[in-house]
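Below you'll find the structure, written out as structure tokens, and then a few comments.
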Amino acid sequence: MTTRVDGPLKVTGQAAYGADHHFPGMAHGYVVTSSIANGEIEAMEVTAAKGAPGVIAVYTPFDPLELNAPVTMFMGETWVPLQDKEVAYYGQPIGFVVAETYEQARDAAMLVEVSYQARPALTSLQDGLASAEDAPAARDGSPPSLAVLAPDVESIEDALAASPVVVEATYTTATQNHAAMEPHSAVAVWGPDGLTI
């Protein structure tokens, strides 16, 4: 019988997750997220947050961190937060508060006031098809789309028309469905050999 190496630690509550690691002088960050699903940030009032106890810095699109967009072979250039004022989804990171403790960062983040130029939420894939763009070829030259039809099938419509039975239904699923064992977190430490995360 094989036992998962991490199994006993997790089920007994002894597993150490990212946020369980503490180092001397460690700062803590808390993300400010958007309260609209689509639009543009008009202003962010951060004076109260910057003056809150223990706060080291507050970053927003108006005073951003300098972050580089990572580029991958399959995804191309990846979106990076705090670089512009556009909001594309509810809960999008739009600010970041750094403080001496987690609680101080969290409490200061709650003091950030945001005003938006809201636009109607984009909730329909069908409505967006007219403005959809074809994906570019991958960096290795492979095509952006794959053939999904059997060799003798001309189109999905033809296959459905030739089918003896067709079942049509609309399914809805939860917006989030994951089973993380821990809150999303990371701890980074500079050392003589570089950065350990």
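Each chain in the structure tokens gets a letter, A, B and so on, in the order shown; residues start at 1 in every chain, and ligands are counted from 1 in the order they appear.
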request  = List every residue of chain A that DSSP, applied to the backbone, labels as helix (DSSP H, G or I), and write the result as a PyMOL selection string.
outcome  = chain A and resi 7-11+18-20+47-50+102-109+125-131+156-162
task = Find the residues around Pro81 (chain A) up to 12 Å (only C-alpha atoms counted), leave out those fewer than 5 positions away in its own chain, and share them as a PyMOL selection string.
result = chain A and resi 31-34+59-62+64-70+86-88+91-96
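Proximity to Ala105 (chain A) was assessed for A:Val189, A:Ile56, A:Leu195, A:Ala132 counting only C-alpha atoms; the smallest distance is recorded for A:Ile56.
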message = According to DSSP computed on the backbone, where in region 97-131 of chain A is there strand (DSSP E)? Give the residues as a ChimeraX atom specification.
response = /A:97-99,113-118
Nearby residues (only C-alpha atoms) at most 12 Å from region 8-14 of chain A, same-chain spacing under 3 positions excluded, as an NGL selection string = :A and (3-5 or 17 or 20 or 180-182)
